[in-house]
$ cat data_32.txt   # compact mmCIF, C-alpha atoms
# COMPACT_ATOMS: atom_id res chain seq x y z
CA MET Q 1 -24.17 1.01 -4.22
CA VAL Q 2 -21.34 -0.35 -2.11
CA THR Q 3 -21.10 1.00 1.44
CA ILE Q 4 -17.70 2.22 2.63
CA ARG Q 5 -17.60 -0.64 5.18
CA ARG Q 6 -18.10 -3.25 2.46
CA MET Q 7 -15.48 -1.52 0.33
CA GLU Q 8 -12.98 -1.68 3.17
CA LYS Q 9 -13.69 -5.34 3.80
CA LEU Q 10 -13.39 -6.25 0.13
CA ILE Q 11 -10.07 -4.40 -0.27
CA GLY Q 12 -8.89 -6.00 2.97
CA TYR Q 13 -9.63 -9.51 1.68
CA VAL Q 14 -8.03 -8.87 -1.73
CA LEU Q 15 -4.94 -7.49 0.03
CA LEU Q 16 -4.80 -10.51 2.35
CA ALA Q 17 -5.11 -12.99 -0.52
CA GLY Q 18 -2.42 -11.16 -2.49
CA VAL Q 19 0.07 -10.87 0.33
CA LEU Q 20 -0.42 -14.53 1.32
CA THR Q 21 0.21 -15.65 -2.27
CA SER Q 22 3.31 -13.49 -2.43
CA ALA Q 23 4.60 -14.79 0.94
CA ALA Q 24 4.00 -18.40 -0.21
CA ILE Q 25 6.04 -17.83 -3.38
CA VAL Q 26 8.84 -16.13 -1.41
CA LEU Q 27 8.86 -19.03 1.06
CA PHE Q 28 8.93 -21.57 -1.77
CA GLY Q 29 11.80 -19.75 -3.48
CA GLY Q 30 13.65 -19.44 -0.18
CA ALA Q 31 13.30 -23.16 0.54
CA LEU Q 32 14.54 -23.98 -2.96
CA TYR Q 33 17.53 -21.68 -2.53
CA MET Q 34 18.42 -23.04 0.91
CA TRP Q 35 18.16 -26.62 -0.34
CA ARG Q 36 20.60 -25.95 -3.19
CA HIS Q 37 22.90 -23.23 -1.81
CA GLY Q 38 22.22 -23.33 1.95
CA SER Q 39 25.83 -24.19 2.77
CA THR Q 40 27.31 -21.29 0.77
CA PRO Q 41 27.98 -18.37 3.14
CA VAL Q 42 26.44 -15.01 2.16
CA HIS Q 43 28.27 -11.69 2.40
CA TYR Q 44 26.64 -8.28 2.12
CA ARG Q 45 29.33 -6.07 3.59
CA ILE Q 46 30.34 -4.76 0.16
CA PHE Q 47 27.74 -3.47 -2.29
CA ARG Q 48 28.03 -5.11 -5.70
CA GLY Q 49 24.48 -4.63 -6.91
CA GLU Q 50 22.30 -7.48 -8.05
CA PRO Q 51 23.08 -9.35 -11.29
CA SER Q 52 21.21 -7.86 -14.24
CA ASP Q 53 18.68 -10.72 -14.50
CA LEU Q 54 17.41 -9.94 -10.99
CA ARG Q 55 17.05 -6.24 -11.75
CA SER Q 56 14.42 -6.32 -14.49
CA LEU Q 57 10.93 -7.80 -14.69
CA ALA Q 58 11.78 -9.82 -17.81
CA GLY Q 59 14.90 -11.26 -16.20
CA ILE Q 60 13.06 -12.15 -13.00
CA TRP Q 61 10.30 -13.89 -14.97
CA LYS Q 62 12.90 -15.87 -16.95
CA ASP Q 63 14.74 -16.97 -13.79
CA PHE Q 64 11.45 -17.85 -12.12
CA THR Q 65 10.25 -20.05 -14.99
CA GLU Q 66 13.65 -21.75 -15.14
CA GLY Q 67 13.20 -22.84 -11.53
CA SER Q 68 15.74 -20.55 -9.86
CA GLY Q 69 15.14 -20.07 -6.12
CA ARG Q 70 16.30 -16.49 -6.16
CA GLY Q 71 14.18 -15.81 -9.23
CA ALA Q 72 11.13 -17.16 -7.37
CA ILE Q 73 11.77 -14.95 -4.33
CA GLN Q 74 12.22 -11.89 -6.53
CA PHE Q 75 9.02 -12.80 -8.41
CA GLY Q 76 7.14 -13.02 -5.09
CA LEU Q 77 8.46 -9.59 -4.12
CA MET Q 78 7.39 -8.06 -7.44
CA LEU Q 79 3.94 -9.58 -6.89
CA LEU Q 80 3.87 -7.80 -3.51
CA VAL Q 81 4.65 -4.50 -5.25
CA GLY Q 82 2.04 -5.23 -7.93
CA ILE Q 83 -0.61 -5.77 -5.25
CA GLN Q 84 -0.10 -2.18 -4.12
CA VAL Q 85 -1.04 -1.00 -7.60
CA ILE Q 86 -4.00 -3.39 -7.72
CA ARG Q 87 -5.38 -2.24 -4.39
CA VAL Q 88 -5.31 1.41 -5.45
CA ALA Q 89 -6.99 0.50 -8.76
CA LEU Q 90 -9.64 -1.56 -6.94
CA THR Q 91 -10.32 1.34 -4.56
CA GLY Q 92 -10.81 3.58 -7.59
CA VAL Q 93 -13.23 1.16 -9.23
CA LEU Q 94 -15.26 0.87 -6.01
CA PHE Q 95 -15.47 4.66 -5.70
CA LEU Q 96 -16.60 4.68 -9.33
CA LEU Q 97 -19.38 2.19 -8.59
CA ASN Q 98 -20.44 4.52 -5.77
CA ARG Q 99 -20.44 7.50 -8.18
CA ASP Q 100 -18.21 9.23 -5.64
CA LYS Q 101 -16.72 11.60 -8.25
CA VAL Q 102 -14.23 13.50 -6.10
CA PHE Q 103 -12.68 10.31 -4.77
CA VAL Q 104 -12.62 8.66 -8.20
CA VAL Q 105 -10.46 11.56 -9.39
CA ILE Q 106 -8.26 11.48 -6.26
CA THR Q 107 -7.72 7.73 -6.45
CA PHE Q 108 -6.90 7.68 -10.16
CA LEU Q 109 -4.44 10.55 -9.69
CA VAL Q 110 -2.72 8.47 -6.99
CA LEU Q 111 -2.73 5.49 -9.35
CA ALA Q 112 -1.23 7.59 -12.16
CA MET Q 113 1.57 8.93 -9.96
CA LEU Q 114 2.28 5.49 -8.53
CA SER Q 115 2.49 3.94 -12.01
CA TYR Q 116 4.66 6.78 -13.26
CA ALA Q 117 7.13 6.44 -10.37
CA LEU Q 118 7.15 2.67 -10.61
CA PHE Q 119 7.69 2.29 -14.35
CA PHE Q 120 9.36 5.47 -15.57
CA ALA Q 121 11.24 7.22 -12.77
CA GLY Q 122 13.82 4.43 -12.55
CA GLU Q 123 14.96 4.72 -16.16
CA MET L 1 27.69 -18.75 11.60
CA SER L 2 25.89 -20.81 9.00
CA THR L 3 23.73 -19.08 6.40
CA ALA L 4 20.58 -20.73 7.73
CA LEU L 5 21.20 -19.44 11.25
CA VAL L 6 21.91 -15.90 10.03
CA LEU L 7 18.68 -15.89 8.00
CA ILE L 8 16.66 -17.23 10.96
CA LEU L 9 18.06 -14.53 13.28
CA MET L 10 17.25 -11.95 10.62
CA ALA L 11 13.68 -13.26 10.37
CA ILE L 12 13.27 -12.99 14.18
CA GLY L 13 14.55 -9.40 14.17
CA SER L 14 12.22 -8.61 11.27
CA PHE L 15 9.29 -10.15 13.16
CA VAL L 16 9.84 -7.64 15.98
CA THR L 17 10.13 -4.84 13.40
CA GLY L 18 6.79 -5.89 11.92
CA ILE L 19 5.07 -5.71 15.33
CA VAL L 20 6.46 -2.23 15.99
CA GLY L 21 5.57 -1.11 12.47
CA ALA L 22 1.95 -2.24 12.77
CA LEU L 23 1.52 -0.69 16.23
CA THR L 24 2.96 2.70 15.28
CA GLY L 25 2.16 3.11 11.57
CA LEU L 26 5.83 3.97 10.97
CA GLY L 27 6.77 1.04 8.74
CA GLY L 28 9.73 -0.01 10.85
CA GLY L 29 12.61 1.02 8.57
CA ILE L 30 14.18 2.95 11.44
CA ILE L 31 14.63 -0.30 13.37
CA LEU L 32 15.41 -2.60 10.46
CA VAL L 33 18.13 -0.57 8.75
CA PRO L 34 20.35 -0.06 11.84
CA MET L 35 19.79 -3.71 12.79
CA LEU L 36 20.91 -5.00 9.39
CA VAL L 37 23.84 -2.60 9.14
CA LEU L 38 25.16 -2.82 12.71
CA LEU L 39 24.30 -6.37 13.79
CA PHE L 40 24.53 -8.23 10.48
CA ASP L 41 27.26 -6.17 8.82
CA ILE L 42 25.20 -5.48 5.70
CA HIS L 43 25.91 -2.63 3.30
CA MET L 44 23.62 0.38 3.65
CA ARG L 45 22.17 -0.02 0.14
CA TYR L 46 21.21 -3.67 0.60
CA ALA L 47 19.71 -2.68 3.96
CA ALA L 48 17.73 0.10 2.27
CA GLY L 49 16.41 -2.38 -0.32
CA ALA L 50 15.38 -4.86 2.36
CA SER L 51 13.78 -2.03 4.34
CA LEU L 52 11.67 -1.01 1.33
CA VAL L 53 10.41 -4.57 1.02
CA ALA L 54 9.73 -4.57 4.78
CA VAL L 55 7.63 -1.41 4.64
CA ILE L 56 5.47 -2.79 1.81
CA ALA L 57 5.03 -6.13 3.61
CA THR L 58 4.18 -4.48 6.95
CA SER L 59 1.69 -2.18 5.28
CA SER L 60 0.02 -5.02 3.38
CA GLY L 61 -0.16 -7.37 6.38
CA ALA L 62 -1.41 -4.73 8.81
CA ALA L 63 -3.73 -2.93 6.40
CA ALA L 64 -5.43 -6.19 5.43
CA ALA L 65 -6.39 -6.72 9.09
CA PHE L 66 -7.24 -3.08 9.89
CA LEU L 67 -9.41 -2.68 6.78
CA ARG L 68 -11.46 -5.77 7.59
CA GLU L 69 -11.95 -4.71 11.22
CA GLY L 70 -12.89 -1.12 10.32
CA TYR L 71 -10.04 0.95 11.81
CA THR L 72 -8.77 2.45 8.54
CA ASN L 73 -10.26 5.67 7.19
CA LEU L 74 -10.10 4.96 3.46
CA ARG L 75 -11.16 8.44 2.35
CA VAL L 76 -8.66 10.27 4.57
CA GLY L 77 -5.96 7.80 3.49
CA MET L 78 -6.50 8.28 -0.25
CA PHE L 79 -6.86 12.04 0.13
CA LEU L 80 -3.55 12.43 1.99
CA GLN L 81 -1.89 9.86 -0.29
CA LEU L 82 -2.33 12.32 -3.13
CA THR L 83 0.09 14.91 -1.73
CA SER L 84 2.23 12.34 0.03
CA ILE L 85 3.11 10.46 -3.16
CA GLY L 86 3.21 13.63 -5.28
CA GLY L 87 5.58 15.28 -2.80
CA GLY L 88 7.70 12.13 -2.73
CA ILE L 89 8.20 12.18 -6.51
CA LEU L 90 9.03 15.91 -6.41
CA GLY L 91 11.47 15.31 -3.53
CA ALA L 92 13.35 12.67 -5.51
CA PHE L 93 13.82 15.21 -8.33
CA LEU L 94 15.10 17.90 -5.95
CA LEU L 95 17.64 15.54 -4.39
CA THR L 96 20.71 17.13 -5.98
CA MET L 97 19.70 20.71 -5.16
CA VAL L 98 19.22 20.52 -1.41
CA PRO L 99 21.74 20.25 1.47
CA VAL L 100 20.55 16.90 2.84
CA PRO L 101 22.38 17.01 6.25
CA VAL L 102 20.80 20.38 7.12
CA LEU L 103 17.39 19.12 6.12
CA MET L 104 17.87 15.90 8.08
CA THR L 105 18.79 17.77 11.26
CA ALA L 106 15.84 20.13 10.88
CA PHE L 107 13.43 17.26 10.20
CA GLY L 108 14.78 15.43 13.26
CA LEU L 109 14.11 18.48 15.44
CA ILE L 110 10.56 18.83 14.09
CA LEU L 111 9.94 15.12 14.76
CA LEU L 112 11.26 15.52 18.30
CA TYR L 113 8.75 18.28 19.02
CA SER L 114 5.86 16.51 17.26
CA GLY L 115 6.57 13.33 19.21
CA TYR L 116 6.34 15.34 22.42
CA LEU L 117 3.00 16.87 21.34
CA SER L 118 1.64 13.44 20.46
CA PHE L 119 2.73 12.14 23.86
CA ARG L 120 0.82 14.95 25.61
CA ARG L 121 -2.37 14.75 23.59
CA LYS L 122 -5.48 13.64 25.46
CA GLU L 123 -8.05 12.18 23.09
CA GLY L 124 -11.64 13.31 23.27
CA TRP L 125 -11.48 16.52 25.32
CA ASP L 126 -11.87 19.02 22.47
CA GLU L 127 -13.99 16.95 20.13
CA ASP L 128 -17.35 18.66 20.77
CA ARG L 129 -16.66 21.17 18.02
CA PRO L 130 -18.14 20.29 14.61
CA SER L 131 -15.85 18.82 11.92
CA ASP L 132 -14.20 20.91 9.24
CA PRO L 133 -17.02 21.64 6.70
CA LEU L 134 -14.76 20.29 3.94
CA ALA L 135 -14.38 17.00 5.85
CA VAL L 136 -18.17 16.77 6.03
CA ARG L 137 -18.51 17.46 2.32
CA LEU L 138 -15.92 14.80 1.52
CA ARG L 139 -17.65 12.44 3.99
CA MET L 140 -14.46 11.85 5.92
CA GLU L 141 -16.04 11.46 9.34
CA GLY L 142 -16.06 7.88 10.50
CA SER L 143 -16.24 5.44 13.36
CA PHE L 144 -14.02 2.66 14.64
CA PRO L 145 -14.48 -0.37 16.91
CA ALA L 146 -13.82 0.62 20.55
CA PRO L 147 -14.31 -1.57 23.65
CA GLY L 148 -17.84 -0.16 24.17
CA GLY L 149 -18.94 -0.57 20.54
CA TRP L 150 -18.45 1.59 17.45
CA GLN L 151 -17.19 5.05 18.36
CA SER L 152 -17.62 7.92 15.92
CA TYR L 153 -15.06 10.68 15.49
CA LYS L 154 -14.71 14.07 13.81
CA VAL L 155 -12.15 15.31 11.33
CA TYR L 156 -10.56 18.77 11.57
CA ARG L 157 -8.32 21.00 9.42
CA VAL L 158 -8.38 19.10 6.12
CA ILE L 159 -6.46 21.62 3.98
CA PRO L 160 -3.64 22.28 6.51
CA SER L 161 -2.98 18.56 6.86
CA PHE L 162 -3.12 18.14 3.07
CA LEU L 163 -0.47 20.86 2.63
CA LEU L 164 1.60 19.49 5.50
CA MET L 165 1.59 16.07 3.86
CA GLY L 166 2.82 17.62 0.61
CA ALA L 167 5.72 19.38 2.33
CA ALA L 168 6.49 16.28 4.35
CA GLY L 169 6.28 14.12 1.23
CA ILE L 170 8.95 16.27 -0.43
CA VAL L 171 11.19 16.02 2.64
CA SER L 172 10.76 12.28 3.08
CA GLY L 173 11.28 11.79 -0.66
CA LEU L 174 14.58 13.66 -0.24
CA LEU L 175 15.66 11.77 2.86
CA GLY L 176 14.15 8.40 2.01
CA ILE L 177 12.73 8.13 5.52
CA GLY L 178 10.01 9.51 7.72
CA ALA L 179 6.88 9.28 5.54
CA GLY L 180 5.13 7.11 8.13
CA ALA L 181 5.91 9.43 11.02
CA VAL L 182 4.46 12.41 9.19
CA ASN L 183 1.34 10.43 8.22
CA VAL L 184 0.55 9.64 11.83
CA LEU L 185 1.41 13.11 13.10
CA ALA L 186 -0.67 14.86 10.42
CA MET L 187 -3.71 12.74 11.25
CA ASP L 188 -3.14 12.73 15.02
CA GLN L 189 -2.10 16.36 15.56
CA VAL L 190 -3.73 18.27 12.70
CA MET L 191 -6.86 16.30 11.76
CA ARG L 192 -7.18 15.12 15.38
CA LEU L 193 -8.23 11.57 14.55
CA PRO L 194 -8.13 8.88 17.26
CA TYR L 195 -4.71 7.25 17.61
CA LYS L 196 -5.81 3.84 16.34
CA VAL L 197 -7.42 5.36 13.24
CA SER L 198 -4.27 7.42 12.52
CA THR L 199 -1.91 4.43 12.79
CA SER L 200 -4.17 2.11 10.80
CA THR L 201 -4.62 4.66 8.04
CA SER L 202 -0.88 5.35 7.98
CA ASN L 203 -0.27 1.62 7.69
CA PHE L 204 -2.60 1.61 4.69
CA MET L 205 -0.69 4.49 3.07
CA ILE L 206 3.00 3.62 3.58
CA GLY L 207 2.93 0.53 1.37
CA ILE L 208 1.63 2.56 -1.58
CA THR L 209 4.21 5.32 -1.00
CA ALA L 210 7.02 2.76 -0.71
CA ALA L 211 5.87 0.84 -3.80
CA ALA L 212 6.44 4.02 -5.82
CA SER L 213 10.19 3.70 -5.12
CA ALA L 214 10.37 -0.05 -5.80
CA GLY L 215 11.14 0.37 -9.51
CA ILE L 216 14.16 2.57 -8.82
CA TYR L 217 15.46 0.26 -6.06
CA LEU L 218 15.10 -2.82 -8.26
CA HIS L 219 16.73 -1.10 -11.22
CA HIS L 220 19.77 -0.10 -9.18
CA GLY L 221 20.20 -3.61 -7.75
CA TYR L 222 19.38 -2.77 -4.10
CA ILE L 223 16.88 -5.60 -3.67
CA ASP L 224 18.64 -8.87 -2.90
CA PRO L 225 16.29 -11.89 -2.82
CA VAL L 226 18.23 -13.94 -0.24
CA LEU L 227 18.28 -10.98 2.15
CA ALA L 228 14.71 -9.90 1.42
CA MET L 229 13.27 -13.41 2.00
CA PRO L 230 13.68 -13.61 5.84
CA VAL L 231 12.91 -9.90 6.14
CA MET L 232 9.68 -10.09 4.15
CA LEU L 233 8.40 -13.23 5.87
CA GLY L 234 9.42 -12.08 9.37
CA VAL L 235 7.97 -8.61 8.99
CA PHE L 236 4.70 -9.93 7.53
CA GLY L 237 4.25 -12.31 10.49
CA GLY L 238 5.05 -9.49 12.90
CA ALA L 239 2.61 -7.11 11.22
CA VAL L 240 -0.25 -9.62 11.53
CA VAL L 241 0.52 -10.12 15.25
CA GLY L 242 0.98 -6.37 15.77
CA ALA L 243 -2.38 -5.61 14.15
CA LYS L 244 -4.11 -8.03 16.55
CA LEU L 245 -2.25 -6.44 19.50
CA LEU L 246 -3.39 -2.95 18.49
CA MET L 247 -7.01 -4.04 18.61
CA PHE L 248 -6.66 -5.27 22.22
CA LEU L 249 -4.46 -2.51 23.68
CA ARG L 250 -5.78 0.84 24.91
CA ALA L 251 -4.85 4.05 23.06
CA LYS L 252 -2.83 5.61 25.89
CA PRO L 253 -0.01 3.03 26.17
CA LEU L 254 0.09 2.81 22.36
CA ARG L 255 0.54 6.56 22.16
CA ILE L 256 3.39 6.47 24.69
CA PHE L 257 5.06 3.67 22.73
CA PHE L 258 4.66 5.67 19.51
CA SER L 259 6.24 8.76 21.10
CA VAL L 260 9.23 6.73 22.30
CA VAL L 261 9.80 5.26 18.82
CA VAL L 262 9.49 8.73 17.22
CA LEU L 263 11.94 10.08 19.82
CA ILE L 264 14.52 7.42 18.88
CA MET L 265 13.90 8.11 15.19
CA ALA L 266 14.35 11.88 15.72
CA LEU L 267 17.61 11.44 17.64
CA GLU L 268 18.89 9.05 14.96
CA MET L 269 18.16 11.67 12.28
CA ILE L 270 19.68 14.57 14.22
CA TYR L 271 22.81 12.51 14.88
CA LYS L 272 23.09 11.48 11.21
CA GLY L 273 22.45 15.03 10.04
CA LEU L 274 25.02 16.60 12.35
CA THR L 275 27.75 14.05 11.61
CA GLN L 276 27.38 14.57 7.85
CA TRP L 277 27.19 18.36 8.08
$ encode --input "data_32.txt" --output "structure tokens"
Amino acid sequence: MVTIRRMEKLIGYVLLAGVLTSAAIVLFGGALYMWRHGSTPVHYRIFRGEPSDLRSLAGIWKDFTEGSGRGAIQFGLMLLVGIQVIRVALTGVLFLLNRDKVFVVITFLVLAMLSYALFFAGE
Amino acid sequence: MSTALVLILMAIGSFVTGIVGALTGLGGGIILVPMLVLLFDIHMRYAAGASLVAVIATSSGAAAAFLREGYTNLRVGMFLQLTSIGGGILGAFLLTMVPVPVLMTAFGLILLYSGYLSFRRKEGWDEDRPSDPLAVRLRMEGSFPAPGGWQSYKVYRVIPSFLLMGAAGIVSGLLGIGAGAVNVLAMDQVMRLPYKVSTSTSNFMIGITAAASAGIYLHHGYIDPVLAMPVMLGVFGGAVVGAKLLMFLRAKPLRIFFSVVVLIMALEMIYKGLTQW
């Protein structure tokens, strides 16, 4: 039996660890980018859309492992999005441990809708 | 201006956005988007992408602190998240069938009135009545840390706020804005939770709602890493500071601040709606 207070604390710590990791990766990628391209001016007045490698998970992973600064930032951002899924899943598991049936169903419905929107609605 | 200077200024602006977002539970897109578009001359779509990242970062930074300190009502949050996210998905599907400017004006007017009601609300005067029986059955009643120790609160009108969140989710899914405002107002006005519990729980929810749109934004190329970097880091820092501030400040000034931000948001929406009509 996990009390609701302990659940909240646990989710809070997991969230904190996740967001700190993601911020560290974004900072690292940003530093790398500024070091290499810091003197190139950036313009965002006209919308061109991102290059295709920065628009898909596979492309971001490839750029990240090849040591691209922008790839690393984008990877950090995707981690931040992933943490949102993880925290809902963790909440569901904790409700499950509590045998809190109604909230297990509610939380997993939220998880299902979140996953659907995240992975399928964009196609 | 050099790129480094632009990015530093952007991070400072985002830091302020993060503080406001954590204090109000609104996510801060209403400040960030106009700032990026008007001050930094950034295209609306890039600004929208950066704003999505900002909402998720604010929510994560603030919720991490609020959860650990005990302000967030996890059960209420998950329960309302169900219709909020469901409505949001439905809203995105209805996008081509609805006159958006009309809807935006109407939503702005509703926000204007709700902001006024929130401004007037005095906490604690009508809370002798027992909670909604459904709230008791779902064990939604809770307590939060107040200056004099843990203070318990009641939860009213569960079903009306659930339905309101669904309707609001559809509207904010259509407009791409306003989910946070409706979260706070549903909890504050309908469920009659304490202000700090409403904002903290809204902060918990908005990141999950926003994450649902991240796939679409990424796919369409709205999320630019160089732009998102200062925004994400600035907003996260601001959210952590804002969460600490909320714990120290009293509810009354926070409520006034919230009403002012909602007022600005409402006027922005009415103006946008009317000019596109």
$ closest_atom_pairs --input "data_32.txt" --of "chain L" --to "chain Q" --cutoff "8 Å" --atoms "all atoms listed in the file" --output "tab-separated table"
residue	atom	partner	partner_atom	distance
L:Ser2	CA	Q:Pro41	CA	6.7
L:Thr3	CA	Q:Pro41	CA	5.4
L:Ala4	CA	Q:Gly38	CA	6.5
L:Asp41	CA	Q:Arg45	CA	5.6
L:Ile42	CA	Q:Arg45	CA	4.7
L:His43	CA	Q:Arg45	CA	4.9
L:Arg45	CA	Q:Phe47	CA	7.0
L:Tyr46	CA	Q:Phe47	CA	7.1
L:Val53	CA	Q:Leu77	CA	7.4
L:Ile56	CA	Q:Val81	CA	7.3
L:Ala57	CA	Q:Leu80	CA	7.4
L:Ser60	CA	Q:Leu15	CA	6.5
L:Gly61	CA	Q:Leu16	CA	6.9
L:Ala63	CA	Q:Gly12	CA	6.9
L:Ala64	CA	Q:Gly12	CA	4.2
L:Ala65	CA	Q:Gly12	CA	6.7
L:Phe66	CA	Q:Gly12	CA	7.7
L:Leu67	CA	Q:Gly12	CA	5.1
L:Arg68	CA	Q:Lys9	CA	4.4
L:Glu69	CA	Q:Lys9	CA	7.6
L:Gly70	CA	Q:Arg5	CA	7.0
L:Thr72	CA	Q:Glu8	CA	8.0
L:Leu74	CA	Q:Glu8	CA	7.2
L:Arg75	CA	Q:Phe103	CA	7.5
L:Met78	CA	Q:Thr107	CA	6.3
L:Phe79	CA	Q:Ile106	CA	6.6
L:Gln81	CA	Q:Val110	CA	6.9
L:Leu82	CA	Q:Val110	CA	5.5
L:Ile85	CA	Q:Met113	CA	7.1
L:Gly86	CA	Q:Met113	CA	6.8
L:Ile89	CA	Q:Ala117	CA	7.0
L:Leu138	CA	Q:Val102	CA	7.9
L:Gly207	CA	Q:Gln84	CA	6.8
L:Ile208	CA	Q:Gln84	CA	5.6
L:Thr209	CA	Q:Leu114	CA	7.8
L:Ala211	CA	Q:Val81	CA	5.7
L:Ala212	CA	Q:Leu118	CA	5.0
L:Ser213	CA	Q:Leu118	CA	6.4
L:Ala214	CA	Q:Leu118	CA	6.4
L:Gly215	CA	Q:Leu118	CA	4.7
L:Ile216	CA	Q:Gly122	CA	4.2
L:Tyr217	CA	Q:Gly122	CA	7.9
L:Leu218	CA	Q:Arg55	CA	5.3
L:His219	CA	Q:Arg55	CA	5.2
L:His220	CA	Q:Gly49	CA	6.9
L:Gly221	CA	Q:Glu50	CA	4.4
L:Tyr222	CA	Q:Gly49	CA	6.1
L:Ile223	CA	Q:Glu50	CA	7.2
L:Asp224	CA	Q:Glu50	CA	6.5
L:Pro225	CA	Q:Gln74	CA	5.5
L:Val226	CA	Q:Arg70	CA	6.7
L:Met229	CA	Q:Val26	CA	6.2
L:Met232	CA	Q:Ala23	CA	7.6
L:Leu233	CA	Q:Ala23	CA	6.4
$ closest_residue --input "data_32.txt" --among "L:Ile206, L:Leu112, L:Leu263, L:Leu246" --to "Val20 (chain L)" --atoms "all atoms listed in the file"
L:Leu246
$ residues_around --input "data_32.txt" --residues "Thr275 (chain L)" --least-positions-apart "6" --cutoff "12 Å" --atoms "only C-alpha atoms" --output "PDB file with C-alpha atoms, keeping the file's coordinate frame"
ATOM      1  CA  VAL L 100      20.550  16.900   2.840  1.00  0.00           C
ATOM      2  CA  PRO L 101      22.380  17.010   6.250  1.00  0.00           C
ATOM      3  CA  VAL L 102      20.800  20.380   7.120  1.00  0.00           C
ATOM      4  CA  MET L 104      17.870  15.900   8.080  1.00  0.00           C
ATOM      5  CA  THR L 105      18.790  17.770  11.260  1.00  0.00           C
ATOM      6  CA  GLU L 268      18.890   9.050  14.960  1.00  0.00           C
ATOM      7  CA  MET L 269      18.160  11.670  12.280  1.00  0.00           C
TER       8      MET L 269
END
$ atom_distance --input "data_32.txt" --atom1 "CA of Ser59 (chain L)" --atom2 "CA of Leu90 (chain Q)"
16.7 Å
$ atom_distance --input "data_32.txt" --atom1 "CA of Val182 (chain L)" --atom2 "CA of Ala168 (chain L)"
6.5 Å
$ residues_near_point --input "data_32.txt" --point "(-2.6, 8.2, 22.9)" --cutoff "9 Å" --atoms "only C-alpha atoms" --output "NGL selection string"
:L and (118-123 or 194-196 or 250-258)
$ closest_residue --input "data_32.txt" --among "L:Ala106, L:Ala47, L:Leu32, L:Met187" --to "Gly18 (chain L)" --atoms "all atoms listed in the file"
L:Leu32
$ atom_distance --input "data_32.txt" --atom1 "CA of Pro133 (chain L)" --atom2 "CA of Val93 (chain Q)"
26.2 Å
$ closest_residue --input "data_32.txt" --among "L:Val16, L:Ser200, L:Val37, L:Leu111" --to "Phe236 (chain L)" --atoms "all atoms listed in the file"
L:Val16
$ axis_aligned_box --input "data_32.txt" --around "region 104-119 of chain Q" --padding-each-side "5 Å" --output "lines of an AutoDock Vina configuration file"
center_x = -2.5
center_y = 6.9
center_z = -10.3
size_x = 30.3
size_y = 19.3
size_z = 18.1
$ residues_around --input "data_32.txt" --residues "Leu26 (chain L)" --least-positions-apart "5" --cutoff "9 Å" --atoms "all atoms listed in the file" --output "PyMOL selection string"
chain L and resi 20-21+55+178-184+199+202-203+206+258+261-262
$ write_last_selection --input "data_32.txt" --atoms "C-alpha atoms" --output "PDB file, in the coordinates of the input"
ATOM      1  CA  VAL L  20       6.460  -2.230  15.990  1.00  0.00           C
ATOM      2  CA  GLY L  21       5.570  -1.110  12.470  1.00  0.00           C
ATOM      3  CA  VAL L  55       7.630  -1.410   4.640  1.00  0.00           C
ATOM      4  CA  GLY L 178      10.010   9.510   7.720  1.00  0.00           C
ATOM      5  CA  ALA L 179       6.880   9.280   5.540  1.00  0.00           C
ATOM      6  CA  GLY L 180       5.130   7.110   8.130  1.00  0.00           C
ATOM      7  CA  ALA L 181       5.910   9.430  11.020  1.00  0.00           C
ATOM      8  CA  VAL L 182       4.460  12.410   9.190  1.00  0.00           C
ATOM      9  CA  ASN L 183       1.340  10.430   8.220  1.00  0.00           C
ATOM     10  CA  VAL L 184       0.550   9.640  11.830  1.00  0.00           C
ATOM     11  CA  THR L 199      -1.910   4.430  12.790  1.00  0.00           C
ATOM     12  CA  SER L 202      -0.880   5.350   7.980  1.00  0.00           C
ATOM     13  CA  ASN L 203      -0.270   1.620   7.690  1.00  0.00           C
ATOM     14  CA  ILE L 206       3.000   3.620   3.580  1.00  0.00           C
ATOM     15  CA  PHE L 258       4.660   5.670  19.510  1.00  0.00           C
ATOM     16  CA  VAL L 261       9.800   5.260  18.820  1.00  0.00           C
ATOM     17  CA  VAL L 262       9.490   8.730  17.220  1.00  0.00           C
TER      18      VAL L 262
END
$ residues_around --input "data_32.txt" --residues "Thr17 (chain L)" --least-positions-apart "6" --cutoff "7 Å" --atoms "only C-alpha atoms" --output "PDB file with C-alpha atoms, keeping the file's coordinate frame"
ATOM      1  CA  GLY L  28       9.730  -0.010  10.850  1.00  0.00           C
ATOM      2  CA  ILE L  31      14.630  -0.300  13.370  1.00  0.00           C
ATOM      3  CA  LEU L  32      15.410  -2.600  10.460  1.00  0.00           C
ATOM      4  CA  VAL L 235       7.970  -8.610   8.990  1.00  0.00           C
ATOM      5  CA  GLY L 238       5.050  -9.490  12.900  1.00  0.00           C
TER       6      GLY L 238
END
$ closest_residue --input "data_32.txt" --among "L:Leu90, L:Leu52, L:Leu36, L:Ile264" --to "Leu7 (chain L)" --atoms "all atoms listed in the file"
L:Leu36
$ closest_residue --input "data_32.txt" --among "L:Ala186, L:Leu274, L:Ser143, L:Leu174" --to "Met97 (chain L)" --atoms "all atoms listed in the file"
L:Leu174
$ decode --input "data_32.txt" --residues "region 64-73 of chain Q" --atoms "C-alpha atoms" --output "short mmCIF file (atom, residue, chain, number, x, y, z; two decimals), in the first residue's frame"
data_model
loop_
_atom_site.label_atom_id
_atom_site.label_comp_id
_atom_site.auth_asym_id
_atom_site.auth_seq_id
_atom_site.Cartn_x
_atom_site.Cartn_y
_atom_site.Cartn_z
CA PHE Q 64 22.33 13.12 -31.87
CA THR Q 65 24.66 10.11 -32.15
CA GLU Q 66 26.64 11.88 -34.88
CA GLY Q 67 27.38 14.69 -32.45
CA SER Q 68 25.18 17.40 -33.94
CA GLY Q 69 24.34 20.22 -31.49
CA ARG Q 70 20.88 20.72 -32.90
CA GLY Q 71 20.29 16.97 -32.85
CA ALA Q 72 21.23 16.92 -29.14
CA ILE Q 73 18.83 19.77 -28.30
#
